[in-house]
Every structure is written in C-alpha cells, then in structure tokens.
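**Student:** Structure file coords.cif, mmCIF, C-alpha atoms, pLDDT in the B column; chains and numbers go by the auth columns, is pasted below:
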```cif
data_upload
#
loop_
_atom_site.group_PDB
_atom_site.id
_atom_site.type_symbol
_atom_site.label_atom_id
_atom_site.label_comp_id
_atom_site.label_asym_id
_atom_site.label_seq_id
_atom_site.Cartn_x
_atom_site.Cartn_y
_atom_site.Cartn_z
_atom_site.B_iso_or_equiv
_atom_site.auth_seq_id
_atom_site.auth_asym_id
ATOM 1 C CA MET A 1 -14.928 15.028 -8.266 83.00 186 A
ATOM 2 C CA MET A 2 -12.852 13.031 -5.751 93.00 187 A
ATOM 3 C CA GLU A 3 -15.842 10.898 -4.790 96.00 188 A
ATOM 4 C CA ASP A 4 -16.584 10.035 -8.444 97.00 189 A
ATOM 5 C CA ASP A 5 -12.930 9.104 -9.005 97.00 190 A
ATOM 6 C CA ILE A 6 -12.886 6.859 -5.935 98.00 191 A
ATOM 7 C CA LYS A 7 -16.067 5.093 -7.021 98.00 192 A
ATOM 8 C CA LYS A 8 -14.696 4.475 -10.524 98.00 193 A
ATOM 9 C CA CYS A 9 -11.314 3.331 -9.181 98.00 194 A
ATOM 10 C CA VAL A 10 -12.945 0.769 -6.893 98.00 195 A
ATOM 11 C CA GLU A 11 -14.927 -0.639 -9.850 98.00 196 A
ATOM 12 C CA VAL A 12 -11.763 -0.921 -11.978 98.00 197 A
ATOM 13 C CA LEU A 13 -9.713 -2.453 -9.147 98.00 198 A
ATOM 14 C CA LYS A 14 -12.412 -5.054 -8.403 98.00 199 A
ATOM 15 C CA GLN A 15 -12.351 -6.081 -12.080 98.00 200 A
ATOM 16 C CA GLY A 16 -8.567 -6.591 -12.027 98.00 201 A
ATOM 17 C CA GLY A 17 -7.815 -3.354 -13.872 98.00 202 A
ATOM 18 C CA ILE A 18 -5.076 -0.800 -13.328 98.00 203 A
ATOM 19 C CA ILE A 19 -5.393 2.873 -12.439 98.00 204 A
ATOM 20 C CA LEU A 20 -3.290 6.028 -12.651 98.00 205 A
ATOM 21 C CA TYR A 21 -3.763 8.011 -9.452 97.00 206 A
ATOM 22 C CA PRO A 22 -2.272 10.651 -7.130 95.00 207 A
ATOM 23 C CA THR A 23 -0.588 9.333 -3.991 94.00 208 A
ATOM 24 C CA ASP A 24 1.047 10.830 -0.932 93.00 209 A
ATOM 25 C CA THR A 25 4.217 11.077 -3.061 92.00 210 A
ATOM 26 C CA VAL A 26 4.332 10.954 -6.880 93.00 211 A
ATOM 27 C CA TRP A 27 1.527 9.839 -9.200 95.00 212 A
ATOM 28 C CA GLY A 28 1.271 6.066 -9.199 96.00 213 A
ATOM 29 C CA ILE A 29 0.112 3.167 -11.279 98.00 214 A
ATOM 30 C CA GLY A 30 -1.989 0.934 -9.083 98.00 215 A
ATOM 31 C CA CYS A 31 -3.982 -2.259 -8.889 98.00 216 A
ATOM 32 C CA ASP A 32 -5.319 -4.755 -6.356 98.00 217 A
ATOM 33 C CA ALA A 33 -2.157 -5.891 -4.536 98.00 218 A
ATOM 34 C CA THR A 34 -3.731 -9.315 -3.957 98.00 219 A
ATOM 35 C CA ASN A 35 -4.394 -9.968 -7.672 98.00 220 A
ATOM 36 C CA LYS A 36 -1.424 -11.624 -9.440 97.00 221 A
ATOM 37 C CA ASP A 37 -2.782 -10.956 -12.950 98.00 222 A
ATOM 38 C CA ALA A 38 -3.387 -7.269 -12.218 98.00 223 A
ATOM 39 C CA VAL A 39 0.153 -6.919 -10.829 97.00 224 A
ATOM 40 C CA GLU A 40 1.487 -8.543 -14.007 97.00 225 A
ATOM 41 C CA LYS A 41 -0.328 -5.914 -16.119 97.00 226 A
ATOM 42 C CA ILE A 42 1.634 -3.183 -14.336 97.00 227 A
ATOM 43 C CA TYR A 43 4.971 -4.928 -14.927 97.00 228 A
ATOM 44 C CA LYS A 44 4.112 -5.141 -18.634 97.00 229 A
ATOM 45 C CA LEU A 45 2.986 -1.512 -18.861 97.00 230 A
ATOM 46 C CA LYS A 46 6.165 -0.291 -17.150 96.00 231 A
ATOM 47 C CA GLN A 47 8.285 -2.687 -19.267 96.00 232 A
ATOM 48 C CA ARG A 48 9.852 -3.833 -16.033 91.00 233 A
ATOM 49 C CA SER A 49 10.882 -7.316 -14.886 87.00 234 A
ATOM 50 C CA ASP A 50 9.020 -8.767 -11.948 82.00 235 A
ATOM 51 C CA ASN A 51 12.213 -9.144 -9.936 82.00 236 A
ATOM 52 C CA GLN A 52 12.040 -5.387 -9.273 85.00 237 A
ATOM 53 C CA LYS A 53 9.279 -5.233 -6.714 90.00 238 A
ATOM 54 C CA MET A 54 6.634 -2.573 -6.234 94.00 239 A
ATOM 55 C CA ILE A 55 5.261 -0.812 -3.173 96.00 240 A
ATOM 56 C CA VAL A 56 1.902 -1.559 -1.553 98.00 241 A
ATOM 57 C CA LEU A 57 -0.219 1.161 0.071 98.00 242 A
ATOM 58 C CA VAL A 58 -2.487 0.554 3.055 98.00 243 A
ATOM 59 C CA SER A 59 -4.672 2.979 4.988 96.00 244 A
ATOM 60 C CA ASN A 60 -3.749 2.144 8.599 95.00 245 A
ATOM 61 C CA ASP A 61 -1.635 0.042 10.984 92.00 246 A
ATOM 62 C CA ALA A 62 -4.287 -2.678 11.215 94.00 247 A
ATOM 63 C CA MET A 63 -3.982 -3.270 7.469 96.00 248 A
ATOM 64 C CA VAL A 64 -0.228 -3.706 7.824 96.00 249 A
ATOM 65 C CA GLU A 65 -0.949 -6.536 10.282 96.00 250 A
ATOM 66 C CA ARG A 66 -3.342 -8.229 7.828 97.00 251 A
ATOM 67 C CA TYR A 67 -0.588 -8.438 5.217 98.00 252 A
ATOM 68 C CA VAL A 68 2.582 -8.967 7.296 97.00 253 A
ATOM 69 C CA ASN A 69 3.183 -11.669 9.933 95.00 254 A
ATOM 70 C CA GLU A 70 4.677 -10.235 13.112 90.00 255 A
ATOM 71 C CA VAL A 71 5.281 -6.560 12.475 95.00 256 A
ATOM 72 C CA PRO A 72 8.375 -5.441 14.458 94.00 257 A
ATOM 73 C CA GLU A 73 7.631 -2.764 17.086 92.00 258 A
ATOM 74 C CA VAL A 74 10.114 -0.369 15.458 94.00 259 A
ATOM 75 C CA ALA A 75 7.886 -0.352 12.354 94.00 260 A
ATOM 76 C CA TYR A 76 5.039 1.236 14.308 92.00 261 A
ATOM 77 C CA GLN A 77 7.420 3.846 15.708 92.00 262 A
ATOM 78 C CA LEU A 78 8.690 4.714 12.229 90.00 263 A
ATOM 79 C CA ILE A 79 5.117 4.956 10.900 89.00 264 A
ATOM 80 C CA GLU A 80 4.083 7.218 13.765 89.00 265 A
ATOM 81 C CA TYR A 81 7.072 9.547 13.793 90.00 266 A
ATOM 82 C CA ALA A 82 8.032 9.781 10.116 89.00 267 A
ATOM 83 C CA ASP A 83 7.853 13.388 8.953 89.00 268 A
ATOM 84 C CA LYS A 84 7.430 12.421 5.296 92.00 269 A
ATOM 85 C CA PRO A 85 5.986 9.423 3.417 95.00 270 A
ATOM 86 C CA THR A 86 8.034 6.370 4.396 95.00 271 A
ATOM 87 C CA THR A 87 7.862 2.898 2.884 97.00 272 A
ATOM 88 C CA LEU A 88 8.901 0.007 5.100 97.00 273 A
ATOM 89 C CA ILE A 89 10.277 -3.217 3.677 97.00 274 A
ATOM 90 C CA LEU A 90 9.043 -5.965 5.974 97.00 275 A
ATOM 91 C CA GLU A 91 9.619 -9.722 5.784 96.00 276 A
ATOM 92 C CA ASN A 92 7.015 -12.482 6.023 95.00 277 A
ATOM 93 C CA ALA A 93 4.241 -10.839 4.028 97.00 278 A
ATOM 94 C CA LYS A 94 0.997 -12.743 3.577 97.00 279 A
ATOM 95 C CA ASN A 95 -2.251 -12.523 1.596 97.00 280 A
ATOM 96 C CA LEU A 96 -0.619 -10.583 -1.265 98.00 281 A
ATOM 97 C CA ALA A 97 0.013 -11.461 -4.915 97.00 282 A
ATOM 98 C CA PRO A 98 3.173 -13.614 -5.030 96.00 283 A
ATOM 99 C CA ASN A 99 4.690 -11.533 -7.857 96.00 284 A
ATOM 100 C CA ILE A 100 4.841 -8.502 -5.589 95.00 285 A
ATOM 101 C CA LEU A 101 6.935 -10.222 -2.912 96.00 286 A
ATOM 102 C CA GLY A 102 10.708 -10.028 -2.621 94.00 287 A
ATOM 103 C CA PRO A 103 13.248 -12.209 -0.803 92.00 288 A
ATOM 104 C CA ALA A 104 12.017 -13.729 2.498 91.00 289 A
ATOM 105 C CA ASN A 105 8.476 -12.919 1.320 94.00 290 A
ATOM 106 C CA SER A 106 9.264 -9.242 1.878 96.00 291 A
ATOM 107 C CA VAL A 107 7.023 -6.391 0.843 97.00 292 A
ATOM 108 C CA GLY A 108 7.487 -2.638 0.582 97.00 293 A
ATOM 109 C CA ILE A 109 4.463 -1.274 2.439 98.00 294 A
ATOM 110 C CA ARG A 110 3.425 2.280 3.283 97.00 295 A
ATOM 111 C CA VAL A 111 0.600 3.627 5.414 96.00 296 A
ATOM 112 C CA THR A 112 -0.723 6.569 3.440 95.00 297 A
ATOM 113 C CA SER A 113 -2.128 9.627 5.155 88.00 298 A
ATOM 114 C CA GLU A 114 -3.052 11.429 1.923 91.00 299 A
ATOM 115 C CA GLU A 115 -6.808 12.018 1.616 93.00 300 A
ATOM 116 C CA PHE A 116 -7.470 10.474 -1.811 96.00 301 A
ATOM 117 C CA THR A 117 -5.472 7.259 -1.347 96.00 302 A
ATOM 118 C CA SER A 118 -6.701 6.754 2.224 96.00 303 A
ATOM 119 C CA LYS A 119 -10.335 6.984 1.146 97.00 304 A
ATOM 120 C CA LEU A 120 -9.725 4.792 -1.910 98.00 305 A
ATOM 121 C CA ILE A 121 -8.080 2.024 0.130 98.00 306 A
ATOM 122 C CA GLU A 122 -10.742 2.203 2.859 97.00 307 A
ATOM 123 C CA ARG A 123 -13.490 1.883 0.245 98.00 308 A
ATOM 124 C CA PHE A 124 -11.697 -0.906 -1.649 98.00 309 A
ATOM 125 C CA ARG A 125 -10.846 -2.711 1.626 97.00 310 A
ATOM 126 C CA LYS A 126 -7.595 -4.101 0.235 98.00 311 A
ATOM 127 C CA PRO A 127 -4.077 -2.769 -0.290 98.00 312 A
ATOM 128 C CA ILE A 128 -3.222 -1.280 -3.655 98.00 313 A
ATOM 129 C CA VAL A 129 0.014 -1.281 -5.601 98.00 314 A
ATOM 130 C CA SER A 130 1.800 2.034 -5.926 96.00 315 A
ATOM 131 C CA THR A 131 4.610 2.287 -8.440 96.00 316 A
ATOM 132 C CA SER A 132 5.804 5.443 -10.141 95.00 317 A
ATOM 133 C CA ALA A 133 3.972 6.373 -13.336 96.00 318 A
ATOM 134 C CA ASN A 134 6.852 5.881 -15.763 96.00 319 A
ATOM 135 C CA ILE A 135 8.321 3.352 -18.163 95.00 320 A
ATOM 136 C CA HIS A 136 11.206 1.481 -16.499 93.00 321 A
ATOM 137 C CA ASN A 137 14.495 3.436 -16.527 93.00 322 A
ATOM 138 C CA ASN A 138 12.750 6.705 -17.483 95.00 323 A
ATOM 139 C CA PRO A 139 12.676 9.595 -14.979 93.00 324 A
ATOM 140 C CA THR A 140 9.965 9.506 -12.317 93.00 325 A
ATOM 141 C CA PRO A 141 7.408 12.220 -13.100 93.00 326 A
ATOM 142 C CA SER A 142 6.919 14.567 -10.146 88.00 327 A
ATOM 143 C CA ASN A 143 3.386 15.586 -11.174 92.00 328 A
ATOM 144 C CA PHE A 144 0.663 14.589 -13.647 96.00 329 A
ATOM 145 C CA SER A 145 1.803 16.914 -16.448 95.00 330 A
ATOM 146 C CA GLN A 146 5.074 14.951 -16.749 95.00 331 A
ATOM 147 C CA ILE A 147 3.488 11.507 -17.232 96.00 332 A
ATOM 148 C CA ASP A 148 4.179 9.818 -20.576 96.00 333 A
ATOM 149 C CA GLU A 149 1.184 9.290 -22.899 96.00 334 A
ATOM 150 C CA GLN A 150 2.065 5.590 -23.114 97.00 335 A
ATOM 151 C CA ILE A 151 1.335 5.256 -19.382 98.00 336 A
ATOM 152 C CA ILE A 152 -1.854 7.344 -19.559 97.00 337 A
ATOM 153 C CA ASN A 153 -3.156 5.273 -22.485 98.00 338 A
ATOM 154 C CA GLY A 154 -2.064 1.974 -20.922 98.00 339 A
ATOM 155 C CA VAL A 155 -4.210 2.086 -17.778 98.00 340 A
ATOM 156 C CA ASP A 156 -7.897 1.312 -17.400 98.00 341 A
ATOM 157 C CA TYR A 157 -8.750 4.518 -15.541 98.00 342 A
ATOM 158 C CA VAL A 158 -7.022 7.886 -15.037 98.00 343 A
ATOM 159 C CA VAL A 159 -8.040 9.809 -11.913 98.00 344 A
ATOM 160 C CA HIS A 160 -9.045 13.433 -12.540 97.00 345 A
ATOM 161 C CA PHE A 161 -8.492 14.622 -8.970 94.00 346 A
ATOM 162 C CA ARG A 162 -5.231 16.631 -8.569 94.00 347 A
ATOM 163 C CA GLN A 163 -4.244 16.523 -12.254 94.00 348 A
ATOM 164 C CA ASP A 164 -3.713 20.286 -12.142 93.00 349 A
ATOM 165 C CA ASP A 165 -1.403 20.086 -9.098 90.00 350 A
ATOM 166 C CA LYS A 166 2.032 21.227 -10.332 87.00 351 A
ATOM 167 C CA ARG A 167 3.996 20.621 -7.122 86.00 352 A
ATOM 168 C CA GLU A 168 7.300 18.810 -7.568 86.00 353 A
ATOM 169 C CA ASN A 169 6.601 15.664 -5.547 85.00 354 A
ATOM 170 C CA LYS A 170 9.254 13.112 -4.612 87.00 355 A
ATOM 171 C CA PRO A 171 9.191 9.341 -4.010 89.00 356 A
ATOM 172 C CA SER A 172 8.993 8.068 -0.432 93.00 357 A
ATOM 173 C CA SER A 173 11.853 7.222 1.873 93.00 358 A
ATOM 174 C CA ILE A 174 12.460 3.460 2.048 94.00 359 A
ATOM 175 C CA ILE A 175 13.591 1.650 5.197 95.00 360 A
ATOM 176 C CA LEU A 176 14.354 -2.076 5.375 95.00 361 A
ATOM 177 C CA ILE A 177 13.340 -3.589 8.734 95.00 362 A
ATOM 178 C CA LYS A 178 14.473 -7.048 9.812 90.00 363 A
ATOM 179 C CA PRO A 179 12.321 -9.195 12.138 88.00 364 A
ATOM 180 C CA ASN A 180 14.841 -8.510 14.941 90.00 365 A
ATOM 181 C CA SER A 181 14.032 -4.760 14.557 88.00 366 A
ATOM 182 C CA GLU A 182 17.361 -3.869 12.947 91.00 367 A
ATOM 183 C CA PHE A 183 16.787 -1.399 10.136 90.00 368 A
ATOM 184 C CA LYS A 184 18.644 0.145 7.251 92.00 369 A
ATOM 185 C CA ILE A 185 17.749 3.258 5.226 92.00 370 A
ATOM 186 C CA ILE A 186 17.575 2.301 1.532 93.00 371 A
ATOM 187 C CA ARG A 187 16.394 5.681 0.155 91.00 372 A
ATOM 188 C CA GLU A 188 16.120 8.957 2.054 88.00 373 A
#
```
I need this file expressed as structure tokens, please.

**Tutor:**
Amino acid sequence: MMEDDIKKCVEVLKQGGIILYPTDTVWGIGCDATNKDAVEKIYKLKQRSDNQKMIVLVSNDAMVERYVNEVPEVAYQLIEYADKPTTLILENAKNLAPNILGPANSVGIRVTSEEFTSKLIERFRKPIVSTSANIHNNPTPSNFSQIDEQIINGVDYVVHFRQDDKRENKPSSIILIKPNSEFKIIRE
C-alpha cells in the first residue's frame, strides 16, 4: 500500500496538486515546495494568509544545502542530535517558491526520518511542503481520524497509509538559527 501511495503522490505533486499525507509529526497538507501556484492552493485550502509561512520537508542534509545558502554548522548538530522531529528556520533560502519564504528569505526546513515521507521525497527529488491538516485557527489534528472533511475533500490525493494509526502525534519543535549560529527555540 505504501508504494502505491508514494507513486500516486509523486504524480500529483508533479502536476502541481496537493496531497494529504502522514509525516514524522502530524498529518500534513503538502505540495511541491518549489511551485508557487501549488503553495497558493494550500494557503487557500487552509484559509490562511501567505504571511504565515509553512514548513518544508527534505530527506537528508544534502537537500538542505540545495535549498539554503550557507547552512550554519550548528544546524547539522541540531539535526543529528535532536531526539524528536525538529524544524529549523534558516535564512537565505534558495530554489523554493517565493510565497513560502519569510523575512531574510528564511525557510522552516526539517529533515524527516519517517519512512513514508523520506521515500516520497527521495522519489520526488524535491522538497515538499508540510503544514498541519487543519483550517487556520482550528486545532491541529493529532491523527487522521481528527481531520476535517473540508481538508480531506480539498486535496487532490489522500494517502491511505497510516490512516488507522490513532497515536496522538504532536507538531515538531521549531528552532530559529541565525547565520552567526545563534539560535532561539520558538516551539518546544
């Protein structure tokens, strides 16, 4: 089942569509993080303004380097030693959709170690957006059974893998890292 889902997701992502999929944290709404129009579809579905940025998932350190100029050394240490999913906000992003970037061309980026998302990103060969599967200002669903029908009906493909997983998952930690390696914990 996972292989069929990955194949279908890659097709949808290549066509600029959006998917609903399990991540290393909560279920996410995703798209090609390099496609401005696809990113805009997610903002509309979530009824969220584009000044509230979304996270990007990559499958390894090398991908971080393809989408961020000069990754501070402390970022690699945080990636390696984090004991739970951790999103890093890094400045000077490149090669991503402009409507996903924050101040100083910053991007929230996370190296996923979860099997499904890792394989999906490796097969797609590009980063994918990961934003919680909820309408803006509504609670973040911790598993598939809590996702609003409006979200399920608003995407181009819903992954079947892990829909029956009832674990109470939580969003990632978020750490802001400055180019001088100073960092600040935004969300634990």

**Student:** Given the PyMOL selection byres ((chain A and resi 311) around 8) and the file above, list the residues it selects as a PyMOL selection string.

**Tutor:** chain A and resi 217-219+243+306-307+309-310+312-313

**Student:** Skip stretch 355-357 of chain A itself and residues of its chain fewer than 6 positions away, then list as a PDB file with C-alpha atoms, in the frame of the given file all residues within 6 Å of it, counting all atoms listed in the file.

**Tutor:**
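File produced: part.pdb:
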```
ATOM      1  CA  THR A 210       4.217  11.077  -3.061  1.00 92.00           C
ATOM      2  CA  VAL A 211       4.332  10.954  -6.880  1.00 93.00           C
ATOM      3  CA  PRO A 270       5.986   9.423   3.417  1.00 95.00           C
ATOM      4  CA  THR A 271       8.034   6.370   4.396  1.00 95.00           C
TER       5      THR A 271
END
```

**Student:** So that each row is one residue of stretch 236-318 of chain A with an atom at most 12 Å from stretch 344-348 of chain A, can you give its shortest atom pair and the distance in Å to one decimal, using all atoms listed in the file, rows by chain and rising number, as CSV?

**Tutor:**
```
residue,atom,partner,partner_atom,distance
A:Glu299,CA,A:Arg347,CA,11.9
A:Glu300,CA,A:Phe346,CA,11.0
A:Phe301,CA,A:Phe346,CA,8.3
A:Thr302,CA,A:Phe346,CA,11.0
A:Leu305,CA,A:Val344,CA,11.3
```

**Student:** Take the PyMOL selection byres ((chain A and resi 350) around 10), apply it to the structure above, and return the hits as a list of chain:residue names.

**Tutor:**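 This file, filtered by the PyMOL selection byres ((chain A and resi 350) around 10), leaves A:Pro207, A:Asn328, A:Phe329, A:Ser330, A:Phe346, A:Arg347, A:Gln348, A:Asp349, A:Lys351, A:Arg352, A:Glu353, A:Asn354.
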
**Student:** I would like the residues chosen by the PyMOL selection byres ((chain A and resi 365) around 12) on the shown file; could you give them as a list in words?

**Tutor:**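 Evaluating the PyMOL selection byres ((chain A and resi 365) around 12) on this file yields Glu255, Val256, Pro257, Glu258, Val259, Ala260, Leu275, Glu276, Leu361, Ile362, Lys363, Pro364, Ser366, Glu367 and Phe368 of chain A.
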
**Student:** Tell me, in Å to one decimal, how far atom CA of A:Val343 is from atom CA of A:Lys238.

**Tutor:** 22.5 Å

**Student:** Which distance in Å separates atom CA of A:Tyr252 and atom CA of A:Gly339, to one decimal?

**Tutor:**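 Computed distance, atom CA of A:Tyr252 to atom CA of A:Gly339, equals 28.2 Å.
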
**Student:** Once you count only C-alpha atoms, which residues end up no further than 8 Å from (4.0, 4.4, 6.1) in the file's frame, shown as a list in words?

**Tutor:** Leu263, Ile264, Ala267, Pro270, Thr271, Thr272, Leu273, Ile294, Arg295, Val296 and Thr297 of chain A

**Student:** Residues within 7 Å of stretch 198-206 of chain A, please, as a list in words. Count only C-alpha atoms; anything in the same chain fewer than 6 positions from it doesn't count.

**Tutor:** Trp212, Gly213, Ile214, Gly215, Cys216, Asp217, Asn220, Ala223, Val340, Asp341, Tyr342, Val343 and Val344 of chain A

**Student:** Residues at most 8 Å from A:Ile336, counting only C-alpha atoms, excluding those fewer than 5 positions away in the same chain, as a VMD selection string?

**Tutor:** chain A and resid 230 to 231 318 to 320

**Student:** What does the structure give for the distance between atom CA of A:Lys269 and atom CA of A:Ser358, in Å to one decimal?

**Tutor:** 7.6 Å

**Student:** Which residue gives the smallest distance to A:Gln335 among A:Lys369, A:Ser298, A:Val292, A:Gln232, with only C-alpha atoms counted?

**Tutor:** A:Gln232

**Student:** Could you check which of A:Met186, A:Ile332, A:Ile274, A:Ile370 is closest to A:Ser291, using only C-alpha atoms?

**Tutor:**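 The answer is A:Ile274, which sits nearest to A:Ser291.
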
**Student:** Output stretch 348-365 of chain A as a PDB file, keeping the file's coordinate frame, making sure N, CA, C and O atoms are there.

**Tutor:**
```pdb
ATOM      1  N   GLN A 348      -5.027  16.470 -11.011  1.00 94.00           N
ATOM      2  CA  GLN A 348      -4.244  16.523 -12.254  1.00 94.00           C
ATOM      3  C   GLN A 348      -3.610  17.897 -12.463  1.00 94.00           C
ATOM      4  O   GLN A 348      -2.561  18.000 -13.084  1.00 94.00           O
ATOM      5  N   ASP A 349      -4.234  18.939 -11.939  1.00 93.00           N
ATOM      6  CA  ASP A 349      -3.713  20.286 -12.142  1.00 93.00           C
ATOM      7  C   ASP A 349      -2.692  20.701 -11.083  1.00 93.00           C
ATOM      8  O   ASP A 349      -2.148  21.796 -11.123  1.00 93.00           O
ATOM      9  N   ASP A 350      -2.395  19.822 -10.152  1.00 90.00           N
ATOM     10  CA  ASP A 350      -1.403  20.086  -9.098  1.00 90.00           C
ATOM     11  C   ASP A 350      -0.007  20.027  -9.718  1.00 90.00           C
ATOM     12  O   ASP A 350       0.420  19.000 -10.227  1.00 90.00           O
ATOM     13  N   LYS A 351       0.714  21.139  -9.683  1.00 87.00           N
ATOM     14  CA  LYS A 351       2.032  21.227 -10.332  1.00 87.00           C
ATOM     15  C   LYS A 351       3.194  21.104  -9.352  1.00 87.00           C
ATOM     16  O   LYS A 351       4.344  21.325  -9.715  1.00 87.00           O
ATOM     17  N   ARG A 352       2.904  20.767  -8.088  1.00 86.00           N
ATOM     18  CA  ARG A 352       3.996  20.621  -7.122  1.00 86.00           C
ATOM     19  C   ARG A 352       4.987  19.562  -7.592  1.00 86.00           C
ATOM     20  O   ARG A 352       4.622  18.595  -8.244  1.00 86.00           O
ATOM     21  N   GLU A 353       6.235  19.762  -7.235  1.00 86.00           N
ATOM     22  CA  GLU A 353       7.300  18.810  -7.568  1.00 86.00           C
ATOM     23  C   GLU A 353       7.376  17.787  -6.440  1.00 86.00           C
ATOM     24  O   GLU A 353       8.057  17.987  -5.436  1.00 86.00           O
ATOM     25  N   ASN A 354       6.640  16.698  -6.573  1.00 85.00           N
ATOM     26  CA  ASN A 354       6.601  15.664  -5.547  1.00 85.00           C
ATOM     27  C   ASN A 354       7.762  14.697  -5.706  1.00 85.00           C
ATOM     28  O   ASN A 354       8.301  14.536  -6.791  1.00 85.00           O
ATOM     29  N   LYS A 355       8.128  14.047  -4.615  1.00 87.00           N
ATOM     30  CA  LYS A 355       9.254  13.112  -4.612  1.00 87.00           C
ATOM     31  C   LYS A 355       8.798  11.745  -4.114  1.00 87.00           C
ATOM     32  O   LYS A 355       7.842  11.648  -3.355  1.00 87.00           O
ATOM     33  N   PRO A 356       9.506  10.675  -4.527  1.00 89.00           N
ATOM     34  CA  PRO A 356       9.191   9.341  -4.010  1.00 89.00           C
ATOM     35  C   PRO A 356       9.414   9.278  -2.496  1.00 89.00           C
ATOM     36  O   PRO A 356      10.090  10.126  -1.911  1.00 89.00           O
ATOM     37  N   SER A 357       8.880   8.238  -1.882  1.00 93.00           N
ATOM     38  CA  SER A 357       8.993   8.068  -0.432  1.00 93.00           C
ATOM     39  C   SER A 357      10.400   7.654  -0.014  1.00 93.00           C
ATOM     40  O   SER A 357      11.194   7.183  -0.825  1.00 93.00           O
ATOM     41  N   SER A 358      10.671   7.834   1.271  1.00 93.00           N
ATOM     42  CA  SER A 358      11.853   7.222   1.873  1.00 93.00           C
ATOM     43  C   SER A 358      11.576   5.718   1.936  1.00 93.00           C
ATOM     44  O   SER A 358      10.417   5.310   2.013  1.00 93.00           O
ATOM     45  N   ILE A 359      12.634   4.911   1.929  1.00 94.00           N
ATOM     46  CA  ILE A 359      12.460   3.460   2.048  1.00 94.00           C
ATOM     47  C   ILE A 359      13.398   2.964   3.145  1.00 94.00           C
ATOM     48  O   ILE A 359      14.591   3.263   3.139  1.00 94.00           O
ATOM     49  N   ILE A 360      12.814   2.215   4.093  1.00 95.00           N
ATOM     50  CA  ILE A 360      13.591   1.650   5.197  1.00 95.00           C
ATOM     51  C   ILE A 360      13.341   0.148   5.256  1.00 95.00           C
ATOM     52  O   ILE A 360      12.191  -0.293   5.323  1.00 95.00           O
ATOM     53  N   LEU A 361      14.414  -0.622   5.242  1.00 95.00           N
ATOM     54  CA  LEU A 361      14.354  -2.076   5.375  1.00 95.00           C
ATOM     55  C   LEU A 361      14.384  -2.412   6.859  1.00 95.00           C
ATOM     56  O   LEU A 361      15.283  -1.958   7.578  1.00 95.00           O
ATOM     57  N   ILE A 362      13.401  -3.187   7.329  1.00 95.00           N
ATOM     58  CA  ILE A 362      13.340  -3.589   8.734  1.00 95.00           C
ATOM     59  C   ILE A 362      13.393  -5.105   8.825  1.00 95.00           C
ATOM     60  O   ILE A 362      12.583  -5.804   8.217  1.00 95.00           O
ATOM     61  N   LYS A 363      14.340  -5.606   9.585  1.00 90.00           N
ATOM     62  CA  LYS A 363      14.473  -7.048   9.812  1.00 90.00           C
ATOM     63  C   LYS A 363      13.558  -7.462  10.972  1.00 90.00           C
ATOM     64  O   LYS A 363      13.214  -6.627  11.823  1.00 90.00           O
ATOM     65  N   PRO A 364      13.184  -8.748  11.041  1.00 88.00           N
ATOM     66  CA  PRO A 364      12.321  -9.195  12.138  1.00 88.00           C
ATOM     67  C   PRO A 364      12.899  -8.912  13.535  1.00 88.00           C
ATOM     68  O   PRO A 364      12.151  -8.751  14.491  1.00 88.00           O
ATOM     69  N   ASN A 365      14.225  -8.806  13.643  1.00 90.00           N
ATOM     70  CA  ASN A 365      14.841  -8.510  14.941  1.00 90.00           C
ATOM     71  C   ASN A 365      14.867  -7.007  15.235  1.00 90.00           C
ATOM     72  O   ASN A 365      15.526  -6.556  16.165  1.00 90.00           O
TER      73      ASN A 365
END
```
